[in-house]
Amino acid sequence: MKKVTIYTDGACSVNPGPGGWGCVLIYNGVEREFSGFVNDTTNNRMEMFAVIEALKKLKEPCDIDLYSDSAYVVNAFLQKWIDSWKIKDWKTSDNKPVKNLDLWLELDNLLQIHKVYWHKVKGHSTDVYNNRCDALARGEVDRYLKEKSEENKN
């Protein structure tokens with residue numbers, strides 16, 4: 001199986017509000033960057049969206065080291081929250097529906113294809129790739145806000 005390294009990040013200008021996501025995929029020394037925008041969203045959704053979009057870029061099953069600064073996403077797997085949610089029919093420990101279920105289901109389906117090793121990194125720190133993903137995600141939000149500002153001037 002091919003070994004791929006993925007870094008992801010999401011951003012929201014206000015929560016909820018305009019959001020962006022970014023990811024860097026590294027395979028065999030080659031880096032590819034992707035990013036996108038969602039108009040009305042939350043920071044957690046953008047963090048998840050970045051992971052989902054990165055995994056969707058892969059054309060075959062892969063062994064993946066995935067790095068994210070999102071405790072929400074990473075801990076769902078490292079602390080086995082997702083296993084508990086599935087056993088409880090997608091309910092939390094206090095028996096409430098899991099938030100962002102649509103994205104958790106999509107992510108869970110993608111994880112049936114790939115073997116992912118989750119790594120939590122400190123956000124806005126010294127990790128070059130995490131900072132790059134942050135810049136990609138924020139760049140998407142900034143571009144949207146600039147376009148909105150231009151529209152409002154006209």
# chains A, B, ... in the order shown; residues from 1 in each chain; ligands from 1

call {"tool": "select_by_dssp", "arguments": {"residues": "chain A", "states": "alpha helix (DSSP H)", "output": "NGL selection string"}}
result
:A and (43-56 or 71-78 or 81-87 or 101-110 or 128-153)

call {"tool": "select_by_dssp", "arguments": {"residues": "region 8-118 of chain A", "states": "strand (DSSP E or B)", "output": "PyMOL selection string"}}
result
chain A and resi 8-12+17-27+30-41+62-68+91+97+115-118

call {"tool": "closest_atom_pairs", "arguments": {"of": "region 100-123 of chain A", "to": "region 55-77 of chain A", "cutoff": "8 Å", "atoms": "only C-alpha atoms", "output": "Markdown table"}}
result
| residue | atom | partner | partner_atom | distance |
| --- | --- | --- | --- | --- |
| A:Leu110 | CA | A:Leu55 | CA | 6.9 |
| A:Ile113 | CA | A:Pro61 | CA | 5.4 |
| A:His114 | CA | A:Pro61 | CA | 5.0 |
| A:Lys115 | CA | A:Asp63 | CA | 4.9 |
| A:Val116 | CA | A:Ile64 | CA | 4.7 |
| A:Tyr117 | CA | A:Asp65 | CA | 4.9 |
| A:Trp118 | CA | A:Leu66 | CA | 5.2 |
| A:His119 | CA | A:Tyr67 | CA | 4.7 |
| A:Lys120 | CA | A:Ser68 | CA | 5.4 |
| A:Val121 | CA | A:Asp69 | CA | 4.8 |
| A:Lys122 | CA | A:Asp69 | CA | 5.5 |
| A:Gly123 | CA | A:Asp69 | CA | 5.0 |

call {"tool": "closest_residue", "arguments": {"among": "A:Lys91, A:Arg138, A:Val51, A:Gly10", "to": "Asp108 (chain A)", "atoms": "only C-alpha atoms"}}
result
A:Val51

call {"tool": "atom_distance", "arguments": {"atom1": "CA of Ile26 (chain A)", "atom2": "CA of Leu136 (chain A)"}}
result
15.7 Å

call {"tool": "closest_residue", "arguments": {"among": "A:Ile82, A:Leu25, A:Ala11, A:Ile6", "to": "Gly139 (chain A)", "atoms": "only C-alpha atoms"}}
result
A:Ala11

call {"tool": "closest_residue", "arguments": {"among": "A:Ser93, A:Thr126, A:Ser35, A:Asn100", "to": "Trp81 (chain A)", "atoms": "only C-alpha atoms"}}
result
A:Ser93

call {"tool": "residues_around", "arguments": {"residues": "Thr42 (chain A)", "least_positions_apart": "6", "cutoff": "7 Å", "atoms": "only C-alpha atoms", "output": "list in words"}}
result
Cys12, Asn15, Pro16, Gly17 and Gly19 of chain A

call {"tool": "write_last_selection", "arguments": {"atoms": "N, CA and C atoms", "output": "CSV table (one decimal), in the first residue's frame"}}
result
chain,number,residue,atom,x,y,z
A,12,CYS,N,-12.6,29.5,10.3
A,12,CYS,CA,-13.9,30.1,10.2
A,12,CYS,C,-13.7,31.6,10.6
A,15,ASN,N,-17.9,32.0,14.0
A,15,ASN,CA,-18.4,30.7,14.2
A,15,ASN,C,-19.9,30.7,14.7
A,16,PRO,N,-20.8,30.4,13.8
A,16,PRO,CA,-20.7,30.0,12.4
A,16,PRO,C,-20.6,31.2,11.5
A,17,GLY,N,-20.1,30.9,10.3
A,17,GLY,CA,-19.9,31.9,9.3
A,17,GLY,C,-19.1,31.4,8.1
A,19,GLY,N,-16.3,29.9,6.0
A,19,GLY,CA,-15.2,29.0,6.4
A,19,GLY,C,-14.4,28.5,5.2

call {"tool": "closest_residue", "arguments": {"among": "A:Val128, A:Trp90, A:Gln79, A:Gly20", "to": "Thr41 (chain A)", "atoms": "only C-alpha atoms"}}
result
A:Gly20

call {"tool": "decode", "arguments": {"residues": "region 36-52 of chain A", "atoms": "N, CA and C atoms", "output": "PDB file, in the first residue's frame"}}
result
ATOM      1  N   GLY A  36     -10.551  25.018  -0.140  1.00  0.00           N
ATOM      2  CA  GLY A  36     -11.893  25.328  -0.591  1.00  0.00           C
ATOM      3  C   GLY A  36     -12.621  26.188   0.420  1.00  0.00           C
ATOM      4  N   PHE A  37     -13.831  26.578   0.053  1.00  0.00           N
ATOM      5  CA  PHE A  37     -14.619  27.527   0.821  1.00  0.00           C
ATOM      6  C   PHE A  37     -16.040  27.010   1.012  1.00  0.00           C
ATOM      7  N   VAL A  38     -16.614  27.289   2.178  1.00  0.00           N
ATOM      8  CA  VAL A  38     -18.026  27.008   2.458  1.00  0.00           C
ATOM      9  C   VAL A  38     -18.606  28.267   3.090  1.00  0.00           C
ATOM     10  N   ASN A  39     -19.748  28.707   2.602  1.00  0.00           N
ATOM     11  CA  ASN A  39     -20.293  29.999   3.023  1.00  0.00           C
ATOM     12  C   ASN A  39     -20.761  30.030   4.470  1.00  0.00           C
ATOM     13  N   ASP A  40     -21.586  29.123   4.885  1.00  0.00           N
ATOM     14  CA  ASP A  40     -22.174  29.161   6.221  1.00  0.00           C
ATOM     15  C   ASP A  40     -21.825  27.860   6.936  1.00  0.00           C
ATOM     16  N   THR A  41     -20.848  27.914   7.836  1.00  0.00           N
ATOM     17  CA  THR A  41     -20.326  26.693   8.428  1.00  0.00           C
ATOM     18  C   THR A  41     -19.743  26.986   9.800  1.00  0.00           C
ATOM     19  N   THR A  42     -19.073  25.991  10.378  1.00  0.00           N
ATOM     20  CA  THR A  42     -18.393  26.158  11.667  1.00  0.00           C
ATOM     21  C   THR A  42     -16.942  25.712  11.532  1.00  0.00           C
ATOM     22  N   ASN A  43     -16.148  26.102  12.499  1.00  0.00           N
ATOM     23  CA  ASN A  43     -14.746  25.710  12.508  1.00  0.00           C
ATOM     24  C   ASN A  43     -14.599  24.179  12.531  1.00  0.00           C
ATOM     25  N   ASN A  44     -15.373  23.503  13.390  1.00  0.00           N
ATOM     26  CA  ASN A  44     -15.273  22.046  13.462  1.00  0.00           C
ATOM     27  C   ASN A  44     -15.634  21.386  12.137  1.00  0.00           C
ATOM     28  N   ARG A  45     -16.651  21.905  11.470  1.00  0.00           N
ATOM     29  CA  ARG A  45     -17.019  21.334  10.163  1.00  0.00           C
ATOM     30  C   ARG A  45     -15.892  21.527   9.153  1.00  0.00           C
ATOM     31  N   MET A  46     -15.240  22.670   9.207  1.00  0.00           N
ATOM     32  CA  MET A  46     -14.137  22.914   8.267  1.00  0.00           C
ATOM     33  C   MET A  46     -12.943  22.014   8.568  1.00  0.00           C
ATOM     34  N   GLU A  47     -12.682  21.754   9.841  1.00  0.00           N
ATOM     35  CA  GLU A  47     -11.607  20.815  10.200  1.00  0.00           C
ATOM     36  C   GLU A  47     -11.913  19.429   9.626  1.00  0.00           C
ATOM     37  N   MET A  48     -13.151  18.996   9.764  1.00  0.00           N
ATOM     38  CA  MET A  48     -13.556  17.696   9.238  1.00  0.00           C
ATOM     39  C   MET A  48     -13.543  17.687   7.711  1.00  0.00           C
ATOM     40  N   PHE A  49     -14.037  18.768   7.138  1.00  0.00           N
ATOM     41  CA  PHE A  49     -14.102  18.878   5.679  1.00  0.00           C
ATOM     42  C   PHE A  49     -12.709  18.765   5.068  1.00  0.00           C
ATOM     43  N   ALA A  50     -11.717  19.370   5.718  1.00  0.00           N
ATOM     44  CA  ALA A  50     -10.337  19.298   5.217  1.00  0.00           C
ATOM     45  C   ALA A  50      -9.861  17.856   5.164  1.00  0.00           C
ATOM     46  N   VAL A  51     -10.144  17.091   6.204  1.00  0.00           N
ATOM     47  CA  VAL A  51      -9.739  15.680   6.236  1.00  0.00           C
ATOM     48  C   VAL A  51     -10.464  14.900   5.142  1.00  0.00           C
ATOM     49  N   ILE A  52     -11.766  15.092   5.041  1.00  0.00           N
ATOM     50  CA  ILE A  52     -12.572  14.374   4.046  1.00  0.00           C
ATOM     51  C   ILE A  52     -12.080  14.691   2.637  1.00  0.00           C
TER      52      ILE A  52
END
